[in-house]
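Participant: Below: one structure in structure tokens.
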Amino acid sequence: MGRCFRYYDGWETEILRCDSCGWEGTFHEAAVEVYDYLMDCECPKCPSMSHLAIVCFPTNEETEANWDKVSDADKKAHIDGKNHDARWLASRLSSESELPDIDNESILLTWDEREGSAIILYNEQELWREPVFFEGYPRYEEVVGILRGKYGDRLADVIPTDRSIFNLYGDKLRADSIVGGVRSAVQRNHLMSRPAVEPDDTEVPGFSFFDKDDTEDIDAEDTDTEEINQKEKERAMAFSTKIFSYPIDTTKPTVEIEPNWWNSRELKVDPRFVACGPNSSYNDYEAYLTVSEMMELHEKYRPQAVKDCELASTKDRILPKLELLDEILYVKSDLYSRFRVYVFEWESGY
Ligand SMILES: [Zn+2]
């Protein structure tokens with residue numbers, strides 16, 4: 001059993017001893033891991049065999065009770081922290097009644113940061129401002145909850161600005177996917193509450209299996225039959241994309257999604273994609289991507305899917321896939337080790 005120190009217990013000079021191998025040394029000489037509320041250390045000779053000690057970071061009360069042992073830097077941090085908390089308590093958004101009414105069926109807000117304050121903007125109008133927190137994503141989630149209480153399904157998104165990201169995410173690896181999950185829930189609720197709009201014509205803007213250069217009309221002046229045949233053939237080939245997801249600890253993919261809104265032609269020339277496929281007459285490409293690489297592509301193409309969901313003709317086709325991909329990447333991404341993105345050519349039956 002390891003030792004358990006309070007922060008002001010003098011653990012820095014105490015000699016720790018490993019029961020398994022006999023190693024001796026101070027806390028900082030051992031293998032130290034730092035967490036949010038504590039540090040712990042294991043024997044450097046036989047880690048995972050021998051847990052040596054835990055040091056809990058001090059509460060405000062402990063710091064004040066041990067004020068003579070507190071370093072000048074920690075004293076300053078403690079006083080700054082208390083002042084910050086007091087300012088935040090006095091000015092934080094605590095209820096939807098503090099927010100102004102907005103007369104719009106689709107309310108797009110921005111989460112910005114200026115002069116040490118988190119600011120919620122509706123276009124140029126400042127709705128709220130309160131002291132910002134480092135690693136403030138739990139507060140972002142709380143505030144979005146209050147905003148949803150006020151504006152309901154009319155709330156379309158709360159978009160963090162680039163300059164707000166540093167404090168919003170901090171050093172937390174999963175902060176971006178937590179914020180992404182909150183945003184996608186807001187977006188989904190907003191979309192689901194909107195009546196689907198019928199398109200003006202049968203062609204759906206921004207949605208096509210074919211890229212422009214595939215469907216260009218064949219030059220009428222072109223009389224070379226062979227060339228025409230080649231163009232006919234190219235024209236009849238279309239590209240599509242499939243995503244296979246690999247759960248941790250298995251080599252078999254589980255979920256397969258065909259995200260029609262991903263730009264297959266763009267992916268094909270992405271240097272991470274290599275030619276593959278059993279059928280030599282087709283040009284198939286694939287890439288094995290990490291969760292964060294997938295997230296990046298998902299974020300890139302997501303606005304197109306959201307746009308497609310506004311149309312009745314594509315909503316039913318797109319929304320279930322979008323929801324599934326959102327769930328995998330924003331909610332359950334830690335269950336997956338990698339993804340295979342497969343860009344394949346298929347005969348369109350032209
Ligand atoms: Zn040991």
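Going by the structure tokens order, chains are called A, B, ..., each with residues numbered from 1, while ligands are numbered from 1 in the order shown.
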Would you kindly return, as a list in words, each protein, DNA or RNA residue with an atom no farther than 12 Å from any atom of Leu173 (chain A), considering only C-alpha atoms and excluding same-chain residues fewer than 6 positions away?
Facilitator: Glu135, Tyr137, Val179, Val291, Ser292 and Asp334 of chain A
Participant: What's the 10 Å shell around region 2-8 of chain A, counting only C-alpha atoms, without same-chain residues fewer than 4 positions away, as a VMD selection string?
Facilitator: chain A and resid 12 16 to 19 38 to 42 50 to 59 62 to 63 65 to 67 69 to 70
Participant: Let me have all residues with an atom within 7 Å of ligand 1, counting only C-alpha atoms and all ligand atoms, laid out as a compact mmCIF listing (two decimals) with N, CA and C atoms, in the first residue's frame.
Facilitator:
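Written out: out10.txt:
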```txt
# COMPACT_ATOMS: atom_id res chain seq x y z
N CYS A 18 10.33 1.00 -2.02
CA CYS A 18 9.53 0.04 -2.78
C CYS A 18 9.61 -1.34 -2.10
N ASP A 19 8.45 -1.89 -1.74
CA ASP A 19 8.42 -3.19 -1.07
C ASP A 19 8.82 -4.33 -2.00
N SER A 20 8.63 -4.15 -3.30
CA SER A 20 8.93 -5.24 -4.23
C SER A 20 10.42 -5.37 -4.52
N CYS A 21 11.10 -4.22 -4.80
CA CYS A 21 12.49 -4.33 -5.24
C CYS A 21 13.47 -3.61 -4.32
N GLY A 22 12.96 -2.89 -3.34
CA GLY A 22 13.85 -2.23 -2.39
C GLY A 22 14.34 -0.86 -2.82
N TRP A 23 13.89 -0.35 -3.97
CA TRP A 23 14.29 0.99 -4.42
C TRP A 23 13.92 2.02 -3.36
N CYS A 43 7.17 3.06 -8.36
CA CYS A 43 8.58 2.74 -8.32
C CYS A 43 9.16 2.85 -9.74
N PRO A 44 10.29 3.57 -9.93
CA PRO A 44 10.86 3.71 -11.27
C PRO A 44 11.49 2.40 -11.77
N LYS A 45 11.80 1.48 -10.83
CA LYS A 45 12.44 0.21 -11.21
C LYS A 45 11.40 -0.83 -11.61
N CYS A 46 10.28 -0.86 -10.87
CA CYS A 46 9.25 -1.84 -11.20
C CYS A 46 7.87 -1.17 -11.23
N PRO A 47 7.70 -0.23 -12.17
CA PRO A 47 6.42 0.48 -12.24
C PRO A 47 5.28 -0.51 -12.49
N MET A 49 4.09 -2.42 -10.64
CA MET A 49 4.16 -3.43 -9.59
C MET A 49 3.97 -2.77 -8.24
N SER A 50 4.56 -1.57 -8.14
CA SER A 50 4.62 -0.97 -6.83
C SER A 50 4.17 0.48 -6.85
```
Participant: Measuring between only C-alpha atoms, which one of A:Ile328, A:Cys276, A:Val343, A:Asp85 shows the shortest distance to Thr241 (chain A)?
Facilitator: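 The shortest atom-to-atom distance to Thr241 (chain A) comes from A:Val343.
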Participant: I'd like to know which of A:Pro259, A:Pro303, A:Pro138, A:Pro100 is closest to Ile120 (chain A), using only C-alpha atoms.
Facilitator: A:Pro100
Participant: Taking only C-alpha atoms into account, name the residue in A:Arg183, A:Lys307, A:Arg265, A:Lys300 that is nearest to Val331 (chain A).
Facilitator: A:Arg183
Participant: Using DSSP on the backbone coordinates, identify all residues within region 1-144 of chain A classified as alpha helix (DSSP H); present the result as an MDAnalysis selection string.
Facilitator: chainID A and resid 60:65 72:91 137:144
Participant: Return the single residue from A:Val132, A:Cys309, A:Ile79, A:Leu289 that is closest to Glu115 (chain A), with distances computed using only C-alpha atoms.
Facilitator: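 Counting only C-alpha atoms, the residue closest to Glu115 (chain A) is A:Val132.
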Participant: I'd like to know which of A:Ser97, A:Gln304, A:Asn123, A:Asn189 is closest to Leu147 (chain A), using only C-alpha atoms.
Facilitator: A:Ser97
Participant: Would you list the contacts of Ala185 (chain A) as a list in words, taking every protein, DNA or RNA residue within 12 Å and counting only C-alpha atoms, but skipping same-chain residues closer than 5 positions in sequence?
Facilitator: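 Listing them by chain and then by number gives Glu141, Val144, Gly145, Arg148, Asp153, Leu155, Ala156, Asp157, Val158, Ile178, Val179, Gly180, His190, Leu191, Met192, Leu322, Glu323, Asp326, Glu327, Tyr330 and Val331 of chain A.
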Participant: Could you write out the selected residues, including C-alpha atoms, as a CSV table (one decimal), in the first residue's frame?
Facilitator:
```csv
chain,number,residue,atom,x,y,z
A,141,GLU,CA,-21.7,23.3,-21.7
A,144,VAL,CA,-25.3,26.4,-23.7
A,145,GLY,CA,-27.8,24.6,-21.4
A,148,ARG,CA,-31.2,26.3,-24.8
A,153,ASP,CA,-34.9,24.7,-30.6
A,155,LEU,CA,-30.8,27.9,-31.0
A,156,ALA,CA,-28.9,26.7,-34.1
A,157,ASP,CA,-25.3,26.7,-32.8
A,158,VAL,CA,-22.9,28.3,-30.3
A,178,ILE,CA,-16.9,17.3,-25.8
A,179,VAL,CA,-17.6,20.8,-27.2
A,180,GLY,CA,-18.3,19.2,-30.6
A,190,HIS,CA,-32.6,22.7,-34.2
A,191,LEU,CA,-32.7,20.8,-37.5
A,192,MET,CA,-35.2,18.3,-36.2
A,322,LEU,CA,-24.8,12.0,-39.9
A,323,GLU,CA,-26.2,11.1,-36.5
A,326,ASP,CA,-21.6,12.2,-34.8
A,327,GLU,CA,-22.2,9.6,-32.2
A,330,TYR,CA,-18.2,12.9,-30.6
A,331,VAL,CA,-19.6,10.5,-28.0
```
